[in-house]
Structures are given as structure tokens and as C-alpha cells.
Amino acid sequence: MKIKFHTLGCRLNFFETDGMYSVLKDKGFTLASSEENAQYIVVNTCTVTNKADVKNRNIIRNAIRSNPGAKVFVTGCYAETDKEVLQNIPGVYGVFGNTEKSSLPYQILADWEGKSYSEPQKLDRFSYSDVLPEGHTRAYLKIQDGCNRKCSYCKIPAARGLGVSRNYGDILDQVKYLQDNGVGEIQLTGVNLGWYRLENGEKGFLNLLEDILKVLEYSRIRLSSIEPPDVGSGLLDLMSHPRFCKFLHVPIQSGSRKILKEMRRTYHPDAFRTRIELAKSKLPNLFLGTDVIVGFPSETEVEFSETKQLLIELGFAKLHVFPYSVRKGTTAEVLGDPIPGDEKKRRVLDLMALSSILHQSYAKTAIGKTFEAILENDGRLVTDNYLKGHLPQSFPIDTLQNGQFVDVRCEEYFPAKDKEGEFLFTFAR
């Protein structure tokens, strides 16, 4: 039985896709190649922006058109917030929100076997056990879901619900399982990682990290994203551990005090600067990424310039830039969308070009240095501080195995327009 998955958006969705497929794979399902027709198709959606919603609908319609007769299921954040819209698309067989996602593979199995669906166990948002990566080398591990923040522009709390945490012991068991199965890198994912709570309701993220590091012997861990208030000495001290990737993605969204207040973010630019500078002082070679929203309704050229200047001063290595879009049901919806699309596009392109320059600047500091890298399925190598590249073409890459660690030296950097460039690596001697 052939199945196709289309996964959009965050690493959380990729983890959950791996989890759904692991259930079906055990029952004899295999992934359809791009040339093969599938009997079942699952589209795991994102709804972070209006552009994401359009992309969701296009992929769904293309899946229906190019796979006549297939049963198309839609799940994920867009399925949670706009279920009726998706149910009205001719050819969509079923729509499952995030709260129902873990039951979807069992629904598919029941349909395939011609049986009525019966829930095999009590399923929740963490019912994805023993999930190995499918089609990628590094594994995602979901430890948290939902968000209690009330950012004025964000629809994700409506899509993911309030914050919930995975069982502490179960997470440690999964780390051991992944390591025992030779997974080199484990990326911790969640909507708001630093919010992680123990069963008694107390904060437990740092406790969890400390215990994960005690387990690790071969694998390394990487954080997907962390909110600014969670970047402090406790986290940074743990990140000095040799199995902790020297990588932080800390969303800033804006460098303007006024805009941050209107976004209902819980920090101001000076506080953000203090935390980032502390991180850079404690962790040499730290790779810093961030998210930026441009074109918020009240953002003038002055506020945009404040954001750009702060990004330059803090020396981020990679920027994810999004044009603001009005999201239904958010508190910022009443502000409308007064900034013209062409102006938002200009600001996006401006920061994308800056991202390329910043990455090149960071890359220059890595030339001649040695880092631990893992071999990806596509033959590229990714270092612990998120530098990407390849070995010389003359090197017989088939002598290495996917997921294998090697120590590499950064020899040469090749910049790319409006995106990060890549390195030529050699083996460290």
C-alpha cells in the first residue's frame, strides 16, 4: 500500500509526519515516490501566514488532481483552525485537526482494512512513540505543544491550543531509543520549548536538558527555537556541553520597542540585546538565527531601520523574514493591513540580502576552524553550529555512511545571493 505525505511548516509537523508514518510502516505501508500514484495522501498543514494558507490549498488541490482515486486527508494547524474550508474542497476525504492528528494513521488503517475505526489506546498530542527519522538524517523529538503567549499577530495558539508537556520519563526513554538506533542528532521541538513544565506545574526545561545530557554518549542535541526570555545563564551553561549543538534560534520579530509592545511580545530591544550578547560571550562560535516580521500595521521606515540596525549589531548568522499578514481571530486583526504589499516585499528582500551578508560575515570567522559534522542523506555535511557544505568532489563519499560523524575543517566559503552559502570542507587532521 502506497502513501504520500506533504509536510509544510515547522519541525513539529515533520516530527508528527514521521510519527504517523511509523504506525503505517509497521502495517506494510510504503512511501510513494514522486512518479508513483498513492492510494492515500496526507497533507500536514501550516497556518502561520496567509501565504501558508494559500500554499496549503494549492498542494491539496494538486494532490487531488495528480492522484485521481486517492483518498486525501488533511491535518495540521490549518485543519485545526479552518476545518470547514477544507471540508468543502471536492476530493478531500477527511480533515483532522492537531488534537486528532495522532489518530489519523489508525483511521487510515481502518479504511484500508474495511473496518470501522476503533481507537487502539488513549491517544494525545504525544502519541508518537519510537519514531525514527524518515527521509532525513537528524531526528525530531517533540517535548512540548501549544502556547500560552498572547502575541497580537499570532494564530498558532488557536491552532495548537494552550501549552502542554510530554511526560518527562517518556522523553528520556525516546532519547535513549534514538541513540540506540544510531541517530546522530536529536532536535528538540515544540511550540514554546522553554515553557516545558513538570507534572507538578513547575518549570522543568533546564532539568530536562540536564538529564538528557547525562544520557547522551553518541548522539548530540539541538534546540529548534527558543523564546528570548528563556535565554539565560542556566541554558547557556548547559549548552557548553560537548554533545549540545552550538546553535540558537531566538525570534526577535522586531527591533523596535514600540512595535514589540504592539505585538505583545514580553521583552524590549535592550533586554533582547543583553541576552544575545551574554550568549555570544559564553559560547564562542555560536550560530544565531532569528525570525523577523516586517510590515506590521504601524511599522514605519524608522521602526524598520531600528530592527535592521539591531540585527546587524547583534551579528545574527541567519534571518527568517516574513511579511506581516492579518490572521483571523488575532487581536491585531482590528489594525488592518495598511502597509502596501510592494513595500512589505521591499523590506523582506532588504533583510534577505542582509541575511546573506551576515551569514558570509559569520562564515569568515569559521575559516580554518574544525567542527564536528554529520553526513546528511544528500551527501552534504552539517556541523554542530549549523554550517553546511561538502567534501571535495574527488573524495569517495560512498565510503561514509549517512548519519556518520566526522571532524571537518572549514577551508573555503561560497556565498549565495539572498541566502546562506556553503563551505568546502576537508577532514581535520
# chains A, B, ... in the order shown; residues from 1 in each chain; ligands from 1
>>> residues_around(residues="Ala317 of chain A", least_positions_apart="3", cutoff="8 Å", atoms="only C-alpha atoms", output="mmCIF file with all heavy atoms, in the first residue's frame")
data_model
loop_
_atom_site.group_PDB
_atom_site.id
_atom_site.type_symbol
_atom_site.label_atom_id
_atom_site.label_comp_id
_atom_site.auth_asym_id
_atom_site.auth_seq_id
_atom_site.Cartn_x
_atom_site.Cartn_y
_atom_site.Cartn_z
ATOM 1 N N PHE A 287 26.172 29.846 16.529
ATOM 2 C CA PHE A 287 25.395 30.247 15.356
ATOM 3 C C PHE A 287 24.066 30.786 15.854
ATOM 4 O O PHE A 287 23.329 30.110 16.571
ATOM 5 C CB PHE A 287 25.166 29.048 14.434
ATOM 6 C CG PHE A 287 24.477 29.388 13.133
ATOM 7 C CD1 PHE A 287 25.188 29.420 11.946
ATOM 8 C CD2 PHE A 287 23.107 29.638 13.085
ATOM 9 C CE1 PHE A 287 24.564 29.708 10.741
ATOM 10 C CE2 PHE A 287 22.470 29.936 11.886
ATOM 11 C CZ PHE A 287 23.198 29.974 10.712
ATOM 12 N N LEU A 288 23.722 32.000 15.455
ATOM 13 C CA LEU A 288 22.484 32.647 15.909
ATOM 14 C C LEU A 288 21.548 32.881 14.731
ATOM 15 O O LEU A 288 21.916 33.521 13.743
ATOM 16 C CB LEU A 288 22.803 33.994 16.567
ATOM 17 C CG LEU A 288 23.358 33.947 17.992
ATOM 18 C CD1 LEU A 288 23.946 35.302 18.362
ATOM 19 C CD2 LEU A 288 22.248 33.573 18.972
ATOM 20 N N GLY A 289 20.340 32.359 14.849
ATOM 21 C CA GLY A 289 19.298 32.617 13.867
ATOM 22 C C GLY A 289 18.131 33.320 14.533
ATOM 23 O O GLY A 289 17.997 33.305 15.757
ATOM 24 N N SER A 355 20.637 39.057 5.391
ATOM 25 C CA SER A 355 20.903 37.718 5.926
ATOM 26 C C SER A 355 22.076 37.062 5.218
ATOM 27 O O SER A 355 22.934 36.429 5.839
ATOM 28 C CB SER A 355 19.656 36.839 5.795
ATOM 29 O OG SER A 355 19.875 35.549 6.339
ATOM 30 N N LEU A 358 25.220 38.767 6.488
ATOM 31 C CA LEU A 358 25.525 38.352 7.861
ATOM 32 C C LEU A 358 26.064 36.927 7.904
ATOM 33 O O LEU A 358 26.982 36.627 8.669
ATOM 34 C CB LEU A 358 24.271 38.477 8.727
ATOM 35 C CG LEU A 358 23.781 39.897 9.021
ATOM 36 C CD1 LEU A 358 22.450 39.855 9.755
ATOM 37 C CD2 LEU A 358 24.812 40.672 9.842
ATOM 38 N N HIS A 359 25.489 36.057 7.087
ATOM 39 C CA HIS A 359 25.972 34.669 7.061
ATOM 40 C C HIS A 359 27.400 34.615 6.541
ATOM 41 O O HIS A 359 28.250 33.876 7.055
ATOM 42 C CB HIS A 359 25.061 33.810 6.190
ATOM 43 C CG HIS A 359 25.313 32.338 6.321
ATOM 44 N ND1 HIS A 359 26.263 31.683 5.564
ATOM 45 C CD2 HIS A 359 24.771 31.393 7.133
ATOM 46 C CE1 HIS A 359 26.273 30.399 5.900
ATOM 47 N NE2 HIS A 359 25.387 30.194 6.844
ATOM 48 N N GLN A 360 27.680 35.412 5.524
ATOM 49 C CA GLN A 360 29.030 35.455 4.985
ATOM 50 C C GLN A 360 30.015 35.984 6.025
ATOM 51 O O GLN A 360 31.140 35.479 6.147
ATOM 52 C CB GLN A 360 29.061 36.322 3.728
ATOM 53 C CG GLN A 360 30.397 36.296 3.003
ATOM 54 C CD GLN A 360 30.323 36.970 1.638
ATOM 55 O OE1 GLN A 360 29.252 37.347 1.181
ATOM 56 N NE2 GLN A 360 31.467 37.118 0.995
ATOM 57 N N SER A 361 29.589 36.986 6.790
ATOM 58 C CA SER A 361 30.448 37.532 7.845
ATOM 59 C C SER A 361 30.737 36.476 8.914
ATOM 60 O O SER A 361 31.869 36.338 9.374
ATOM 61 C CB SER A 361 29.773 38.751 8.468
ATOM 62 O OG SER A 361 30.537 39.281 9.522
ATOM 63 N N TYR A 362 29.697 35.728 9.300
ATOM 64 C CA TYR A 362 29.888 34.660 10.285
ATOM 65 C C TYR A 362 30.799 33.570 9.711
ATOM 66 O O TYR A 362 31.667 33.028 10.407
ATOM 67 C CB TYR A 362 28.536 34.068 10.676
ATOM 68 C CG TYR A 362 28.636 32.887 11.620
ATOM 69 C CD1 TYR A 362 28.863 33.076 12.976
ATOM 70 C CD2 TYR A 362 28.513 31.583 11.152
ATOM 71 C CE1 TYR A 362 28.966 32.003 13.850
ATOM 72 C CE2 TYR A 362 28.616 30.504 12.013
ATOM 73 C CZ TYR A 362 28.834 30.720 13.349
ATOM 74 O OH TYR A 362 28.955 29.647 14.205
#
>>> residues_around(residues="segment 225-236 of chain A", least_positions_apart="4", cutoff="8 Å", atoms="only C-alpha atoms", output="PyMOL selection string")
chain A and resi 189+192-194+206+240+248-252+266-267+272+275-276+278-279+282-283
>>> closest_residue(among="A:Lys261, A:Val294, A:Ala271, A:Arg11", to="Lys344 of chain A", atoms="only C-alpha atoms")
A:Val294
>>> select_by_dssp(residues="segment 259-356 of chain A", states="alpha helix (DSSP H)", output="MDAnalysis selection string")
chainID A and resid 259:263 269:282 301:314 341:356
>>> closest_residue(among="A:Leu178, A:Val48, A:Ile64, A:Leu172", to="Val131 of chain A", atoms="only C-alpha atoms")
A:Leu178
>>> select_by_dssp(residues="segment 83-259 of chain A", states="strand (DSSP E)", output="JSON, numbers by chain")
{"A": [92, 93, 94, 95, 96, 139, 140, 141, 142, 144, 145, 164, 165, 185, 186, 187, 188, 189, 220, 221, 222, 223, 247, 248, 249]}
>>> write_last_selection(atoms="N, CA, C and O atoms", output="compact mmCIF listing (two decimals), in the first residue's frame")
# COMPACT_ATOMS: atom_id res chain seq x y z
N VAL A 92 -11.37 16.09 -0.96
CA VAL A 92 -10.81 15.89 0.38
C VAL A 92 -11.65 14.85 1.10
O VAL A 92 -12.86 15.03 1.28
N TYR A 93 -11.01 13.78 1.51
CA TYR A 93 -11.72 12.64 2.11
C TYR A 93 -11.96 12.83 3.61
O TYR A 93 -12.97 12.39 4.14
N GLY A 94 -11.01 13.48 4.29
CA GLY A 94 -11.16 13.68 5.73
C GLY A 94 -10.26 14.79 6.22
O GLY A 94 -9.19 15.03 5.66
N VAL A 95 -10.70 15.50 7.26
CA VAL A 95 -9.94 16.60 7.85
C VAL A 95 -9.76 16.34 9.33
O VAL A 95 -10.74 16.11 10.06
N PHE A 96 -8.50 16.38 9.80
CA PHE A 96 -8.17 16.07 11.18
C PHE A 96 -7.32 17.20 11.76
O PHE A 96 -6.22 17.46 11.27
N ALA A 139 16.92 13.44 13.75
CA ALA A 139 15.59 13.11 14.26
C ALA A 139 15.01 14.29 15.03
O ALA A 139 15.72 15.02 15.72
N TYR A 140 13.70 14.45 14.92
CA TYR A 140 12.97 15.43 15.71
C TYR A 140 12.32 14.71 16.89
O TYR A 140 11.84 13.59 16.76
N LEU A 141 12.30 15.38 18.04
CA LEU A 141 11.67 14.82 19.22
C LEU A 141 10.78 15.89 19.84
O LEU A 141 11.27 16.90 20.35
N LYS A 142 9.49 15.65 19.80
CA LYS A 142 8.51 16.61 20.32
C LYS A 142 8.40 16.47 21.83
O LYS A 142 8.05 15.41 22.33
N GLN A 144 6.97 19.27 23.71
CA GLN A 144 6.01 20.27 24.19
C GLN A 144 5.12 20.66 23.03
O GLN A 144 5.50 20.55 21.87
N ASP A 145 3.91 21.09 23.34
CA ASP A 145 2.99 21.56 22.31
C ASP A 145 2.16 22.71 22.89
O ASP A 145 2.04 22.85 24.10
N VAL A 164 1.14 22.32 26.70
CA VAL A 164 1.14 21.02 27.34
C VAL A 164 2.54 20.42 27.19
O VAL A 164 3.24 20.71 26.22
N SER A 165 2.93 19.57 28.12
CA SER A 165 4.28 19.00 28.12
C SER A 165 4.23 17.48 28.05
O SER A 165 3.34 16.85 28.64
N GLU A 185 21.84 13.04 15.52
CA GLU A 185 21.39 14.32 16.05
C GLU A 185 19.91 14.28 16.38
O GLU A 185 19.08 13.86 15.56
N ILE A 186 19.58 14.73 17.57
CA ILE A 186 18.19 14.79 18.04
C ILE A 186 17.83 16.25 18.24
O ILE A 186 18.46 16.95 19.02
N GLN A 187 16.82 16.69 17.50
CA GLN A 187 16.41 18.09 17.60
C GLN A 187 15.13 18.16 18.43
O GLN A 187 14.10 17.58 18.07
N LEU A 188 15.20 18.86 19.56
CA LEU A 188 14.04 19.00 20.43
C LEU A 188 13.10 20.03 19.82
O LEU A 188 13.51 21.15 19.49
N THR A 189 11.82 19.66 19.68
CA THR A 189 10.85 20.54 19.05
C THR A 189 9.65 20.79 19.96
O THR A 189 9.34 19.99 20.84
N ARG A 220 23.98 13.89 19.60
CA ARG A 220 24.04 15.27 20.07
C ARG A 220 22.62 15.86 19.99
O ARG A 220 21.76 15.34 19.27
N ILE A 221 22.37 16.93 20.75
CA ILE A 221 21.05 17.55 20.72
C ILE A 221 21.14 18.98 20.19
O ILE A 221 22.16 19.65 20.32
N ARG A 222 20.03 19.39 19.59
CA ARG A 222 19.90 20.74 19.05
C ARG A 222 18.51 21.26 19.42
O ARG A 222 17.53 20.51 19.40
N LEU A 223 18.43 22.53 19.77
CA LEU A 223 17.14 23.15 20.03
C LEU A 223 16.59 23.72 18.73
O LEU A 223 17.31 24.33 17.95
N PHE A 247 24.11 26.23 18.68
CA PHE A 247 23.13 26.82 17.75
C PHE A 247 21.95 27.32 18.56
O PHE A 247 21.42 26.61 19.41
N LEU A 248 21.55 28.55 18.30
CA LEU A 248 20.34 29.10 18.91
C LEU A 248 19.53 29.84 17.86
O LEU A 248 20.08 30.65 17.09
N HIS A 249 18.24 29.55 17.83
CA HIS A 249 17.32 30.31 17.00
C HIS A 249 16.38 31.03 17.96
O HIS A 249 15.56 30.41 18.63
>>> residues_around(residues="segment 396-404 of chain A", least_positions_apart="5", cutoff="9 Å", atoms="only C-alpha atoms", output="list in words")
Thr137, Arg138, Gly182, Val183, Gly184, Glu185, Ala373, Ile374, Leu375, Glu376, Asn377, Asp378, Gly379 and Leu391 of chain A
>>> closest_residue(among="A:Leu8, A:Ala63, A:Val74, A:Leu216", to="Lys51 of chain A", atoms="only C-alpha atoms")
A:Leu8
>>> atom_distance(atom1="atom CA of Gln107 of chain A", atom2="atom CA of Phe126 of chain A")
17.2 Å
>>> closest_residue(among="A:Ala332, A:Val42, A:Ala158, A:Met1", to="Lys27 of chain A", atoms="only C-alpha atoms")
A:Met1
>>> closest_residue(among="A:Asn385, A:Asn148, A:Ser102, A:Ser356", to="Met239 of chain A", atoms="only C-alpha atoms")
A:Asn385
>>> closest_residue(among="A:Ile259, A:Ala366, A:Ala32, A:Val321", to="Leu349 of chain A", atoms="only C-alpha atoms")
A:Val321
>>> atom_distance(atom1="atom CA of Ser394 of chain A", atom2="atom CA of Arg380 of chain A")
14.3 Å
